[in-house]
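Enquirer: input_28.csv is reproduced below (CSV, C-alpha atoms).
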chain,number,residue,atom,x,y,z
A,1,MET,CA,-17.8,-15.6,-114.1
A,2,ALA,CA,-18.2,-14.3,-110.6
A,3,ALA,CA,-15.1,-14.7,-108.4
A,4,ARG,CA,-15.3,-17.3,-105.7
A,5,SER,CA,-16.4,-15.9,-102.4
A,6,PHE,CA,-16.8,-17.1,-98.9
A,7,VAL,CA,-19.3,-16.2,-96.2
A,8,LEU,CA,-18.7,-17.4,-92.6
A,9,TRP,CA,-21.7,-17.2,-90.3
A,10,LEU,CA,-21.3,-17.4,-86.6
A,11,HIS,CA,-24.3,-18.3,-84.5
A,12,GLY,CA,-25.4,-17.0,-81.1
A,13,LEU,CA,-25.1,-18.5,-77.6
A,14,GLY,CA,-26.6,-22.0,-77.2
A,15,ASP,CA,-27.3,-22.3,-80.9
A,16,SER,CA,-25.7,-24.4,-83.6
A,17,GLY,CA,-24.2,-23.9,-87.1
A,18,PRO,CA,-26.5,-26.2,-88.9
A,19,ALA,CA,-29.6,-24.5,-87.4
A,20,ASN,CA,-28.6,-21.3,-89.2
A,21,GLU,CA,-28.1,-22.8,-92.7
A,22,PRO,CA,-31.5,-21.6,-94.0
A,23,ILE,CA,-30.0,-18.1,-94.0
A,24,LYS,CA,-28.4,-19.0,-97.3
A,25,THR,CA,-31.8,-19.0,-99.0
A,26,TYR,CA,-31.9,-15.2,-98.8
A,27,PHE,CA,-28.9,-14.9,-101.1
A,28,ALA,CA,-30.4,-15.9,-104.4
A,29,SER,CA,-28.7,-13.3,-106.7
A,30,PRO,CA,-26.5,-14.7,-109.4
A,31,GLU,CA,-23.5,-13.0,-107.6
A,32,PHE,CA,-23.8,-15.8,-105.0
A,33,LYS,CA,-23.6,-18.7,-107.4
A,34,SER,CA,-19.9,-19.4,-106.5
A,35,THR,CA,-20.2,-18.5,-102.8
A,36,ARG,CA,-19.0,-21.1,-100.3
A,37,TRP,CA,-20.9,-20.9,-97.0
A,38,SER,CA,-19.6,-22.1,-93.6
A,39,PHE,CA,-21.8,-22.4,-90.5
A,40,PRO,CA,-19.4,-23.7,-87.8
A,41,SER,CA,-20.8,-24.6,-84.3
A,42,ALA,CA,-19.2,-23.2,-81.1
A,43,PRO,CA,-17.6,-25.6,-78.6
A,44,ASN,CA,-19.5,-26.5,-75.5
A,45,MET,CA,-18.4,-24.7,-72.3
A,46,PRO,CA,-19.8,-23.5,-69.0
A,47,VAL,CA,-21.4,-20.1,-69.3
A,48,SER,CA,-21.5,-17.7,-66.3
A,49,CYS,CA,-24.7,-15.9,-67.2
A,50,ASN,CA,-26.5,-19.2,-67.2
A,51,TYR,CA,-25.2,-20.3,-63.8
A,52,GLY,CA,-22.3,-22.3,-65.3
A,53,SER,CA,-24.6,-24.5,-67.5
A,54,VAL,CA,-22.6,-26.1,-70.3
A,55,MET,CA,-23.8,-25.1,-73.8
A,56,PRO,CA,-22.4,-24.1,-77.2
A,57,SER,CA,-20.6,-20.8,-76.6
A,58,TRP,CA,-17.7,-19.0,-78.4
A,59,PHE,CA,-16.5,-17.4,-75.1
A,60,ASP,CA,-17.9,-16.7,-71.7
A,61,ILE,CA,-20.7,-14.1,-71.1
A,62,GLN,CA,-20.9,-12.8,-67.5
A,63,GLU,CA,-24.4,-11.2,-67.6
A,64,ILE,CA,-27.6,-10.9,-69.6
A,65,PRO,CA,-28.7,-8.4,-70.8
A,66,VAL,CA,-25.4,-7.5,-72.3
A,67,GLY,CA,-24.8,-3.7,-72.0
A,68,ALA,CA,-22.1,-1.5,-73.3
A,69,GLU,CA,-20.3,-1.6,-69.9
A,70,SER,CA,-20.8,-5.4,-69.2
A,71,PRO,CA,-17.6,-7.3,-68.2
A,72,LYS,CA,-15.8,-8.8,-71.1
A,73,ASP,CA,-14.1,-12.2,-71.4
A,74,GLU,CA,-11.2,-10.9,-73.5
A,75,ALA,CA,-9.0,-14.1,-73.1
A,76,GLY,CA,-11.9,-16.2,-74.2
A,77,VAL,CA,-12.6,-13.9,-77.2
A,78,MET,CA,-8.9,-14.0,-78.3
A,79,LYS,CA,-9.0,-17.8,-78.1
A,80,ALA,CA,-12.2,-18.0,-80.3
A,81,VAL,CA,-10.7,-15.4,-82.7
A,82,LYS,CA,-7.7,-17.7,-83.3
A,83,SER,CA,-10.1,-20.5,-84.4
A,84,ILE,CA,-12.0,-18.2,-86.7
A,85,HIS,CA,-8.7,-16.9,-88.2
A,86,ALA,CA,-7.7,-20.5,-88.9
A,87,MET,CA,-10.9,-20.9,-91.0
A,88,ILE,CA,-10.2,-17.7,-92.9
A,89,ASP,CA,-6.6,-18.7,-93.6
A,90,LYS,CA,-7.7,-22.1,-94.9
A,91,GLU,CA,-10.1,-20.4,-97.3
A,92,ILE,CA,-7.4,-18.0,-98.5
A,93,SER,CA,-5.0,-20.8,-99.1
A,94,ALA,CA,-7.7,-22.5,-101.1
A,95,GLY,CA,-7.5,-19.6,-103.5
A,96,THR,CA,-10.2,-17.2,-102.3
A,97,ASN,CA,-9.3,-13.5,-102.5
A,98,PRO,CA,-9.5,-12.1,-98.9
A,99,GLU,CA,-11.6,-9.2,-100.3
A,100,ASN,CA,-14.3,-11.7,-101.2
A,101,ILE,CA,-14.5,-13.1,-97.6
A,102,PHE,CA,-17.3,-11.9,-95.3
A,103,ILE,CA,-17.6,-12.7,-91.6
A,104,CYS,CA,-21.1,-12.3,-90.2
A,105,GLY,CA,-22.7,-13.3,-87.0
A,106,PHE,CA,-25.7,-12.9,-84.6
A,107,SER,CA,-25.5,-11.9,-80.9
A,108,GLN,CA,-22.4,-13.6,-79.4
A,109,GLY,CA,-21.5,-14.7,-83.0
A,110,GLY,CA,-21.8,-11.0,-84.0
A,111,ALA,CA,-19.4,-10.0,-81.3
A,112,LEU,CA,-17.0,-12.7,-82.4
A,113,ALA,CA,-17.4,-11.7,-86.1
A,114,LEU,CA,-16.4,-8.1,-85.2
A,115,ALA,CA,-13.4,-9.3,-83.1
A,116,SER,CA,-12.2,-11.6,-85.9
A,117,VAL,CA,-12.4,-8.8,-88.5
A,118,LEU,CA,-10.6,-6.3,-86.3
A,119,LEU,CA,-7.8,-8.6,-85.5
A,120,PHE,CA,-7.3,-10.2,-88.9
A,121,PRO,CA,-4.0,-8.9,-90.4
A,122,ARG,CA,-5.5,-8.3,-93.9
A,123,THR,CA,-8.4,-6.4,-95.5
A,124,LEU,CA,-11.5,-8.6,-95.9
A,125,GLY,CA,-14.6,-8.1,-98.0
A,126,GLY,CA,-16.6,-7.1,-94.9
A,127,GLY,CA,-17.9,-7.9,-91.5
A,128,ALA,CA,-21.6,-7.9,-90.4
A,129,VAL,CA,-22.8,-7.7,-86.8
A,130,PHE,CA,-26.4,-8.6,-86.0
A,131,SER,CA,-27.5,-7.6,-82.5
A,132,GLY,CA,-23.9,-7.9,-81.2
A,133,TRP,CA,-21.6,-5.9,-79.1
A,134,VAL,CA,-17.9,-4.9,-78.8
A,135,PRO,CA,-16.3,-7.8,-76.9
A,136,PHE,CA,-13.2,-6.1,-75.7
A,137,ASN,CA,-11.9,-2.8,-74.2
A,138,SER,CA,-10.3,0.1,-76.1
A,139,SER,CA,-6.8,-1.3,-75.2
A,140,ILE,CA,-7.3,-3.5,-78.3
A,141,MET,CA,-6.9,-0.5,-80.6
A,142,GLY,CA,-3.2,-0.9,-80.9
A,143,ASN,CA,-3.6,-4.4,-82.2
A,144,ILE,CA,-5.8,-3.4,-85.2
A,145,SER,CA,-3.6,-3.4,-88.3
A,146,SER,CA,-3.9,-0.7,-91.0
A,147,GLU,CA,-5.0,-3.4,-93.4
A,148,ALA,CA,-7.9,-4.5,-91.0
A,149,LYS,CA,-9.0,-0.9,-90.7
A,150,LYS,CA,-10.0,-0.9,-94.4
A,151,THR,CA,-12.5,-3.7,-93.9
A,152,PRO,CA,-16.1,-2.3,-94.2
A,153,LEU,CA,-18.5,-3.1,-91.4
A,154,LEU,CA,-22.3,-3.4,-91.3
A,155,TRP,CA,-24.1,-3.3,-87.9
A,156,LEU,CA,-27.8,-4.2,-87.6
A,157,HIS,CA,-29.7,-4.0,-84.2
A,158,GLY,CA,-33.3,-4.2,-83.0
A,159,MET,CA,-34.3,-1.3,-80.8
A,160,ALA,CA,-36.6,-3.6,-78.8
A,161,ASP,CA,-33.7,-5.9,-77.9
A,162,ARG,CA,-33.7,-6.9,-74.2
A,163,THR,CA,-30.9,-9.4,-74.4
A,164,VAL,CA,-28.1,-7.4,-76.0
A,165,LEU,CA,-29.3,-3.9,-75.3
A,166,PHE,CA,-29.7,-1.5,-78.2
A,167,SER,CA,-27.3,0.8,-76.3
A,168,ALA,CA,-24.6,-1.9,-76.5
A,169,GLY,CA,-25.1,-1.9,-80.3
A,170,GLN,CA,-25.0,1.9,-80.5
A,171,ALA,CA,-21.7,1.9,-78.7
A,172,GLY,CA,-20.2,0.0,-81.6
A,173,PRO,CA,-19.8,2.6,-84.3
A,174,PRO,CA,-18.1,5.3,-82.1
A,175,PHE,CA,-15.7,2.6,-80.9
A,176,LEU,CA,-14.9,1.7,-84.5
A,177,GLU,CA,-14.6,5.3,-85.5
A,178,GLN,CA,-12.1,5.8,-82.7
A,179,ALA,CA,-10.2,2.8,-84.2
A,180,GLY,CA,-10.2,4.6,-87.6
A,181,MET,CA,-12.9,2.3,-89.1
A,182,LYS,CA,-16.1,2.9,-91.0
A,183,CYS,CA,-19.3,1.2,-89.9
A,184,GLU,CA,-22.8,1.5,-91.4
A,185,PHE,CA,-25.4,1.2,-88.6
A,186,LYS,CA,-29.0,0.2,-89.2
A,187,ALA,CA,-31.7,0.3,-86.4
A,188,TYR,CA,-34.9,-1.7,-86.5
A,189,PRO,CA,-37.6,-0.1,-84.3
A,190,ASN,CA,-39.8,-3.0,-83.2
A,191,LEU,CA,-37.2,-5.8,-83.5
A,192,ALA,CA,-36.3,-7.8,-80.3
A,193,HIS,CA,-33.3,-10.1,-80.0
A,194,SER,CA,-33.7,-11.9,-83.4
A,195,ILE,CA,-33.0,-11.5,-87.1
A,196,ASN,CA,-35.7,-10.5,-89.5
A,197,ASP,CA,-36.0,-10.8,-93.3
A,198,GLU,CA,-35.4,-7.2,-93.9
A,199,GLU,CA,-32.0,-7.4,-92.2
A,200,LEU,CA,-31.0,-10.4,-94.2
A,201,LEU,CA,-32.0,-8.7,-97.4
A,202,SER,CA,-29.9,-5.7,-96.3
A,203,LEU,CA,-26.9,-8.0,-95.8
A,204,GLU,CA,-27.5,-9.6,-99.2
A,205,SER,CA,-27.4,-6.3,-101.1
A,206,TRP,CA,-24.5,-5.0,-99.0
A,207,ILE,CA,-22.3,-8.1,-99.8
A,208,LYS,CA,-23.5,-8.0,-103.4
A,209,THR,CA,-22.2,-4.5,-104.0
A,210,ARG,CA,-18.9,-5.4,-102.5
A,211,LEU,CA,-18.6,-8.6,-104.6
A,212,GLN,CA,-19.2,-6.8,-107.8
A,213,SER,CA,-16.5,-4.2,-107.0
A,214,SER,CA,-13.9,-6.9,-106.2
A,215,SER,CA,-14.6,-9.7,-108.8
For the structure just supplied, provide its representation as structure tokens.
Expert:
Amino acid sequence: MAARSFVLWLHGLGDSGPANEPIKTYFASPEFKSTRWSFPSAPNMPVSCNYGSVMPSWFDIQEIPVGAESPKDEAGVMKAVKSIHAMIDKEISAGTNPENIFICGFSQGGALALASVLLFPRTLGGGAVFSGWVPFNSSIMGNISSEAKKTPLLWLHGMADRTVLFSAGQAGPPFLEQAGMKCEFKAYPNLAHSINDEELLSLESWIKTRLQSSS
């Protein structure tokens, strides 16, 4: 029997968890029979790039498009990471092996998924960033534990993205390499700021290989 696994999916700015639930339908392989999925919704807060309008947001975003050098709301990211870590801890205490836990997200949710993996004190199954960015500065490097550095990362980004620039995505792997982490990066030539079937199928096979190796 496949070991129980957990996939946490973090949505983008202004979206909701339930709206993303159809993503599960891409994970039809038998390895996912005992997977528990979670699609939390971000709290409502004023967002600077939208002139202070209140909307579901994990942390503040100063400007759109997001570039590699855009200002970062590190305090907001840290606060959001704490709530994601609480969800992971709850899953581990329910008996799931941390190495069968995958944190994935799109856009702002991808940035938060990345931050949550980097700052979690243990090795997880993996982290996947869809059209995201690195939401803090290199001063964070000292806070990444040697256990966290072993968590594999997958990064997928559309080259036609005008919301989170492709260059912001490209800055991810060198940042992670500097932190001593491995990251597989996939570029999609005509993809704008969205997720396509091909990316979700890539994620499915990527998680599947890791589940088999740890169950």
Enquirer: Which residues are close to Met78 in chain A, i.e. within 9 Å by all atoms listed in the file, leaving aside same-chain residues fewer than 6 positions away? Reply as a ChimeraX atom specification.
Expert: /A:59,115-116
Enquirer: Any chance you can output those residues with C-alpha atoms as an mmCIF file, in the frame of the given file?
Expert:
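Now in result.cif:
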data_model
loop_
_atom_site.group_PDB
_atom_site.id
_atom_site.type_symbol
_atom_site.label_atom_id
_atom_site.label_comp_id
_atom_site.auth_asym_id
_atom_site.auth_seq_id
_atom_site.Cartn_x
_atom_site.Cartn_y
_atom_site.Cartn_z
ATOM 1 C CA PHE A 59 -16.500 -17.400 -75.100
ATOM 2 C CA ALA A 115 -13.400 -9.300 -83.100
ATOM 3 C CA SER A 116 -12.200 -11.600 -85.900
#
Enquirer: Report the distance between CA of Trp37 in chain A and CA of Lys182 in chain A in Å, rounded to one decimal place.
Expert: 25.0 Å
Enquirer: Excluding Lys149 in chain A and any residue of its chain fewer than 6 positions from it, enumerate the residues within 8 Å of it, using all atoms listed in the file, and give them as a ChimeraX atom specification.
Expert: /A:118,123,179-181
Enquirer: Tell me which of A:Leu203, A:Lys208, A:Val164, A:Leu156 sits closest to Glu63 in chain A, counting all atoms listed in the file.
Expert: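 Checking each candidate against Glu63 in chain A, we get A:Val164 as the closest.
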Enquirer: How far is it from CA of Pro174 in chain A to CA of Asn137 in chain A, in Å with one decimal?
Expert: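 About the pair CA of Pro174 in chain A and CA of Asn137 in chain A: they are 12.9 Å apart.
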Enquirer: Using only C-alpha atoms, pick whichever of A:Pro56, A:Gly158, A:Gly132, A:Pro65 has the shortest atom-to-atom distance to Ser107 in chain A.
Expert: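 Among the listed residues, the smallest separation from Ser107 in chain A belongs to A:Gly132.
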Enquirer: Here is a test: counting only C-alpha atoms, which residue of A:Ala19, A:Ile195, A:Leu153, A:Leu200 is nearest to Glu177 in chain A?
Expert: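 That would be A:Leu153, the residue with the smallest distance to Glu177 in chain A.
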Enquirer: Counting all atoms listed in the file, find residues at most 8 Å from (-20.6, -18.5, -94.4) (file frame) and give them as a PDB file with C-alpha atoms, in the frame of the given file.
Expert:
ATOM      1  CA  PHE A   6     -16.800 -17.100 -98.900  1.00  0.00           C
ATOM      2  CA  VAL A   7     -19.300 -16.200 -96.200  1.00  0.00           C
ATOM      3  CA  LEU A   8     -18.700 -17.400 -92.600  1.00  0.00           C
ATOM      4  CA  TRP A   9     -21.700 -17.200 -90.300  1.00  0.00           C
ATOM      5  CA  LEU A  10     -21.300 -17.400 -86.600  1.00  0.00           C
ATOM      6  CA  ARG A  36     -19.000 -21.100-100.300  1.00  0.00           C
ATOM      7  CA  TRP A  37     -20.900 -20.900 -97.000  1.00  0.00           C
ATOM      8  CA  SER A  38     -19.600 -22.100 -93.600  1.00  0.00           C
ATOM      9  CA  PHE A  39     -21.800 -22.400 -90.500  1.00  0.00           C
ATOM     10  CA  PHE A 102     -17.300 -11.900 -95.300  1.00  0.00           C
ATOM     11  CA  ILE A 103     -17.600 -12.700 -91.600  1.00  0.00           C
ATOM     12  CA  CYS A 104     -21.100 -12.300 -90.200  1.00  0.00           C
TER      13      CYS A 104
END
Enquirer: Quick one: pull the distance between CA of Ser167 in chain A and CA of Lys150 in chain A, Å, one decimal.
Expert: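 For CA of Ser167 in chain A relative to CA of Lys150 in chain A, the distance reads 25.1 Å.
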Enquirer: Which one of A:Ser57, A:Ser145, A:Ser194, A:Thr25 sits closest to Leu112 in chain A if you count only C-alpha atoms?
Expert: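 Looking only at the distances to Leu112 in chain A, the closest residue turns out to be A:Ser57.
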Enquirer: Tell me, as an mmCIF file with C-alpha atoms, in the frame of the given file, which residues lie within 8 Å of Leu191 in chain A, counting only C-alpha atoms; anything in the same chain fewer than 2 positions away does not count.
Expert:
data_model
loop_
_atom_site.group_PDB
_atom_site.id
_atom_site.type_symbol
_atom_site.label_atom_id
_atom_site.label_comp_id
_atom_site.auth_asym_id
_atom_site.auth_seq_id
_atom_site.Cartn_x
_atom_site.Cartn_y
_atom_site.Cartn_z
ATOM 1 C CA HIS A 157 -29.700 -4.000 -84.200
ATOM 2 C CA GLY A 158 -33.300 -4.200 -83.000
ATOM 3 C CA MET A 159 -34.300 -1.300 -80.800
ATOM 4 C CA ALA A 160 -36.600 -3.600 -78.800
ATOM 5 C CA ASP A 161 -33.700 -5.900 -77.900
ATOM 6 C CA TYR A 188 -34.900 -1.700 -86.500
ATOM 7 C CA PRO A 189 -37.600 -0.100 -84.300
ATOM 8 C CA HIS A 193 -33.300 -10.100 -80.000
ATOM 9 C CA SER A 194 -33.700 -11.900 -83.400
ATOM 10 C CA ILE A 195 -33.000 -11.500 -87.100
ATOM 11 C CA ASN A 196 -35.700 -10.500 -89.500
#
Enquirer: Please list, as a ChimeraX atom specification, the residues that have an atom at most 12 Å away from (-21.6, 0.2, -83.1) in the coordinates of this file, counting only C-alpha atoms.
Expert: /A:68,110-111,114,128-135,153-157,165-179,181-187
Enquirer: Would you write out those residues with C-alpha atoms, as a PDB file, in the coordinates of the input?
Expert:
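out.pdb written:
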ATOM      1  CA  ALA A  68     -22.100  -1.500 -73.300  1.00  0.00           C
ATOM      2  CA  GLY A 110     -21.800 -11.000 -84.000  1.00  0.00           C
ATOM      3  CA  ALA A 111     -19.400 -10.000 -81.300  1.00  0.00           C
ATOM      4  CA  LEU A 114     -16.400  -8.100 -85.200  1.00  0.00           C
ATOM      5  CA  ALA A 128     -21.600  -7.900 -90.400  1.00  0.00           C
ATOM      6  CA  VAL A 129     -22.800  -7.700 -86.800  1.00  0.00           C
ATOM      7  CA  PHE A 130     -26.400  -8.600 -86.000  1.00  0.00           C
ATOM      8  CA  SER A 131     -27.500  -7.600 -82.500  1.00  0.00           C
ATOM      9  CA  GLY A 132     -23.900  -7.900 -81.200  1.00  0.00           C
ATOM     10  CA  TRP A 133     -21.600  -5.900 -79.100  1.00  0.00           C
ATOM     11  CA  VAL A 134     -17.900  -4.900 -78.800  1.00  0.00           C
ATOM     12  CA  PRO A 135     -16.300  -7.800 -76.900  1.00  0.00           C
ATOM     13  CA  LEU A 153     -18.500  -3.100 -91.400  1.00  0.00           C
ATOM     14  CA  LEU A 154     -22.300  -3.400 -91.300  1.00  0.00           C
ATOM     15  CA  TRP A 155     -24.100  -3.300 -87.900  1.00  0.00           C
ATOM     16  CA  LEU A 156     -27.800  -4.200 -87.600  1.00  0.00           C
ATOM     17  CA  HIS A 157     -29.700  -4.000 -84.200  1.00  0.00           C
ATOM     18  CA  LEU A 165     -29.300  -3.900 -75.300  1.00  0.00           C
ATOM     19  CA  PHE A 166     -29.700  -1.500 -78.200  1.00  0.00           C
ATOM     20  CA  SER A 167     -27.300   0.800 -76.300  1.00  0.00           C
ATOM     21  CA  ALA A 168     -24.600  -1.900 -76.500  1.00  0.00           C
ATOM     22  CA  GLY A 169     -25.100  -1.900 -80.300  1.00  0.00           C
ATOM     23  CA  GLN A 170     -25.000   1.900 -80.500  1.00  0.00           C
ATOM     24  CA  ALA A 171     -21.700   1.900 -78.700  1.00  0.00           C
ATOM     25  CA  GLY A 172     -20.200   0.000 -81.600  1.00  0.00           C
ATOM     26  CA  PRO A 173     -19.800   2.600 -84.300  1.00  0.00           C
ATOM     27  CA  PRO A 174     -18.100   5.300 -82.100  1.00  0.00           C
ATOM     28  CA  PHE A 175     -15.700   2.600 -80.900  1.00  0.00           C
ATOM     29  CA  LEU A 176     -14.900   1.700 -84.500  1.00  0.00           C
ATOM     30  CA  GLU A 177     -14.600   5.300 -85.500  1.00  0.00           C
ATOM     31  CA  GLN A 178     -12.100   5.800 -82.700  1.00  0.00           C
ATOM     32  CA  ALA A 179     -10.200   2.800 -84.200  1.00  0.00           C
ATOM     33  CA  MET A 181     -12.900   2.300 -89.100  1.00  0.00           C
ATOM     34  CA  LYS A 182     -16.100   2.900 -91.000  1.00  0.00           C
ATOM     35  CA  CYS A 183     -19.300   1.200 -89.900  1.00  0.00           C
ATOM     36  CA  GLU A 184     -22.800   1.500 -91.400  1.00  0.00           C
ATOM     37  CA  PHE A 185     -25.400   1.200 -88.600  1.00  0.00           C
ATOM     38  CA  LYS A 186     -29.000   0.200 -89.200  1.00  0.00           C
ATOM     39  CA  ALA A 187     -31.700   0.300 -86.400  1.00  0.00           C
TER      40      ALA A 187
END
Enquirer: Find the residue from A:Gly67, A:Gly17, A:Gly12, A:Gly76 that sits nearest to Ser41 in chain A; use all atoms listed in the file when measuring.
Expert: A:Gly17
